[in-house]
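Working notes, structure below.
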Amino acid sequence: MIDWTFPRIMGILNCTPDSFYDGGKNNAIENALVHAAGMIGDGAEIIDIGGYSSRPGAADVTEKEEIERVVPVIKTIRKQFPHILISIDTFRANVAAGAIDAGANIINDISGGTLDPDMFSTAAVYKVPYILMHSKGTPQTMNSLTSYEDLINEMLGYFIERTALAREAGIRDIIIDPGFGFAKTIDQNYELLKKLSIFSILNLPVLVGVSRKSMIYKTLESSASEALNGTTVLHAMALMNRIQILRVHDIKEAKETIQLVKRILN
């Protein structure tokens, strides 16, 4: 099992043409390798590779196409950086299996196992850490599924239920992701950030992914390309709540934020 007792940086590597921030830049294997090398050099400990854009309203892609996007990149990065942790960002069990066979170490599932009935058993068979995120619906429908009577209590219920099912399937290393931006309005995202410490009662590592998301740039009336400063502010707030993983685009800035927050918390 991986030691999650201190904050780790997960660098985002999108192998998709339509990611909200860097879509298309890392489609070529050579470009993906250069980007991964830069993130590792800046301090990333995990490279999160995805071939299916999960932004709201994203286009659907076939399982075959998703595998063809991620497997060659994973193989190349694994060969070049044999000791780096690689996570596969997918909600499909076959994609996860192909990625792990190619060298991935972690499954990062935005659906928490709700979109593929074989996902939990696949994670259990491979005995890899599993990131279980809160969301509703699919990337195509999540924007219409933001109705909650009590956001935090409903999320806690979801995590209790899904982690119990994951353990029943045989998964032993579970990380939870509150799913900022997934089936949540901007106001709900900030409520979630404000109450983030509540999830410590689950006694599981927590991953936070807010990097350059619309909850930042829409609030600031700017754009994703201008959202680094706002991202850093929210990263600091999340770290003050003692979360274990930051999923980010900007590695150097995240590492500096962790170093400064550690001085406050220690």
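Please note that chains go A, B, ... in the order of the structure tokens, that every chain numbers its residues from 1, and that ligands are numbered from 1 in the order shown.
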
Fill in: Residues within 9 Å of Asp118 (chain A), only C-alpha atoms, excluding chain neighbours under 2 positions, as a PyMOL selection string
chain A and resi 92-94+113+116+120-123

Item to complete: Might you pull out every residue within 8 Å of Gly181 (chain A), with only C-alpha atoms counted and same-chain residues fewer than 6 positions away left off, and present them as an NGL selection string?
Response: :A and (189 or 210 or 213-215)

List every residue of region 200-254 of chain A that has an atom at most 10 Å from any atom of region 127-132 of chain A, giving for each one its closest atom pair and the distance in Å to one decimal, counting only C-alpha atoms, sorted by chain and then by ascending residue number, as a Markdown table.
```
| residue | atom | partner | partner_atom | distance |
| --- | --- | --- | --- | --- |
| A:Pro205 | CA | A:Ile131 | CA | 9.3 |
| A:Val206 | CA | A:Ile131 | CA | 8.9 |
| A:Leu207 | CA | A:Ile131 | CA | 8.1 |
```

Saved selection, atoms kept: C-alpha atoms, as a PDB file, in the first residue's frame:
```pdb
ATOM      1  CA  PRO A 205      -7.133   9.595   2.126  1.00  0.00           C
ATOM      2  CA  VAL A 206      -8.790  12.508   0.315  1.00  0.00           C
ATOM      3  CA  LEU A 207      -7.895  13.773  -3.153  1.00  0.00           C
TER       4      LEU A 207
END
```

Worksheet item: With distances taken over only C-alpha atoms, which of A:Thr90, A:Thr231, A:Thr163, A:Asn143 is nearest to Tyr217 (chain A)?
Response: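 Under the stated criterion, the closest residue is A:Thr231.
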
Worksheet item: Counting only C-alpha atoms, what is within 12 Å of Pro82 (chain A), bar same-chain residues fewer than 5 positions away, as a list in words?
Response: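 The residues that qualify are Ile40, Ile74, Lys75, Thr76, Ile77, Ala102, Gly103, Ala104 and Asn105 of chain A.
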
Worksheet item: Hey, what does DSSP flag as alpha helix (DSSP H) within region 32-216 of chain A? Can you give it to me as a PyMOL selection string?
Response: chain A and resi 32-42+63-80+93-102+119-126+151-169+186-194+214-216

Keeping only C-alpha atoms, take the residues you just selected and write them out as an mmCIF file, in the first residue's frame.
```cif
data_model
loop_
_atom_site.group_PDB
_atom_site.id
_atom_site.type_symbol
_atom_site.label_atom_id
_atom_site.label_comp_id
_atom_site.auth_asym_id
_atom_site.auth_seq_id
_atom_site.Cartn_x
_atom_site.Cartn_y
_atom_site.Cartn_z
ATOM 1 C CA ALA A 32 2.996 13.508 -23.640
ATOM 2 C CA LEU A 33 6.441 12.220 -22.643
ATOM 3 C CA VAL A 34 7.926 15.725 -22.623
ATOM 4 C CA HIS A 35 5.029 17.000 -20.516
ATOM 5 C CA ALA A 36 5.302 14.086 -18.092
ATOM 6 C CA ALA A 37 9.056 14.599 -17.768
ATOM 7 C CA GLY A 38 8.507 18.264 -16.956
ATOM 8 C CA MET A 39 5.924 17.455 -14.281
ATOM 9 C CA ILE A 40 8.146 14.807 -12.711
ATOM 10 C CA GLY A 41 11.070 17.219 -12.733
ATOM 11 C CA ASP A 42 8.936 19.808 -10.941
ATOM 12 C CA GLU A 63 -13.728 2.101 -25.314
ATOM 13 C CA LYS A 64 -11.365 1.086 -28.123
ATOM 14 C CA GLU A 65 -10.431 4.695 -28.852
ATOM 15 C CA GLU A 66 -9.882 5.435 -25.167
ATOM 16 C CA ILE A 67 -7.521 2.456 -24.868
ATOM 17 C CA GLU A 68 -5.635 3.499 -28.005
ATOM 18 C CA ARG A 69 -5.139 6.984 -26.557
ATOM 19 C CA VAL A 70 -3.762 5.961 -23.160
ATOM 20 C CA VAL A 71 -1.962 2.617 -23.426
ATOM 21 C CA PRO A 72 0.912 3.739 -25.696
ATOM 22 C CA VAL A 73 1.482 6.804 -23.501
ATOM 23 C CA ILE A 74 1.522 4.716 -20.321
ATOM 24 C CA LYS A 75 3.976 2.233 -21.830
ATOM 25 C CA THR A 76 6.295 5.034 -22.924
ATOM 26 C CA ILE A 77 6.237 6.852 -19.578
ATOM 27 C CA ARG A 78 6.673 3.601 -17.652
ATOM 28 C CA LYS A 79 9.740 2.727 -19.725
ATOM 29 C CA GLN A 80 11.263 6.184 -19.306
ATOM 30 C CA ALA A 93 -13.006 -1.580 -16.378
ATOM 31 C CA ASN A 94 -11.466 -2.770 -19.653
ATOM 32 C CA VAL A 95 -9.586 0.499 -20.050
ATOM 33 C CA ALA A 96 -8.364 0.228 -16.465
ATOM 34 C CA ALA A 97 -7.198 -3.348 -17.027
ATOM 35 C CA GLY A 98 -5.374 -2.438 -20.246
ATOM 36 C CA ALA A 99 -3.728 0.528 -18.545
ATOM 37 C CA ILE A 100 -2.540 -1.522 -15.569
ATOM 38 C CA ASP A 101 -1.183 -4.200 -17.904
ATOM 39 C CA ALA A 102 0.713 -1.383 -19.647
ATOM 40 C CA MET A 119 -14.830 -1.837 -12.194
ATOM 41 C CA PHE A 120 -14.690 -2.901 -8.546
ATOM 42 C CA SER A 121 -13.841 -6.513 -9.381
ATOM 43 C CA THR A 122 -11.143 -5.347 -11.810
ATOM 44 C CA ALA A 123 -9.519 -3.119 -9.182
ATOM 45 C CA ALA A 124 -9.687 -5.980 -6.694
ATOM 46 C CA VAL A 125 -8.100 -8.504 -9.062
ATOM 47 C CA TYR A 126 -5.219 -6.166 -9.846
ATOM 48 C CA LEU A 151 -25.137 18.134 -0.202
ATOM 49 C CA ILE A 152 -22.635 17.056 2.450
ATOM 50 C CA ASN A 153 -24.822 14.440 4.129
ATOM 51 C CA GLU A 154 -25.783 12.961 0.773
ATOM 52 C CA MET A 155 -22.125 12.813 -0.215
ATOM 53 C CA LEU A 156 -21.205 11.120 3.055
ATOM 54 C CA GLY A 157 -23.949 8.559 2.473
ATOM 55 C CA TYR A 158 -22.658 7.952 -1.036
ATOM 56 C CA PHE A 159 -19.095 7.397 0.168
ATOM 57 C CA ILE A 160 -20.174 5.102 2.991
ATOM 58 C CA GLU A 161 -22.218 2.987 0.580
ATOM 59 C CA ARG A 162 -19.687 2.914 -2.272
ATOM 60 C CA THR A 163 -16.637 2.236 -0.093
ATOM 61 C CA ALA A 164 -18.486 -0.625 1.616
ATOM 62 C CA LEU A 165 -19.252 -2.153 -1.782
ATOM 63 C CA ALA A 166 -15.661 -1.624 -2.904
ATOM 64 C CA ARG A 167 -14.333 -3.382 0.187
ATOM 65 C CA GLU A 168 -16.842 -6.182 -0.260
ATOM 66 C CA ALA A 169 -15.470 -6.648 -3.781
ATOM 67 C CA ILE A 186 -20.398 26.773 -8.211
ATOM 68 C CA ASP A 187 -22.076 27.543 -4.881
ATOM 69 C CA GLN A 188 -22.116 23.843 -4.002
ATOM 70 C CA ASN A 189 -18.421 23.549 -4.840
ATOM 71 C CA TYR A 190 -17.571 26.317 -2.375
ATOM 72 C CA GLU A 191 -19.822 24.800 0.271
ATOM 73 C CA LEU A 192 -17.937 21.542 -0.245
ATOM 74 C CA LEU A 193 -14.562 23.237 0.095
ATOM 75 C CA LYS A 194 -15.689 25.050 3.238
ATOM 76 C CA SER A 214 -14.752 26.904 -13.665
ATOM 77 C CA MET A 215 -15.574 27.380 -9.979
ATOM 78 C CA ILE A 216 -12.461 29.568 -9.975
#
```

Discussion item. I need the residue nearest Ile175 (chain A) from this list: A:Asn14, A:Ser222, A:Thr138, A:Asn203. Use only C-alpha atoms for the distance.
Written reply: A:Asn203

Fill in: Among the residues A:Gln140, A:Ser223, A:Asn31, A:Ser53, the one that comes closest to Thr16 (chain A) [using only C-alpha atoms]
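Looking only at the distances to Thr16 (chain A), the closest residue turns out to be A:Ser53.
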
Fill in: Å distance separating CA of Asp177 (chain A) from CA of Gly209 (chain A), one decimal place
7.8 Å
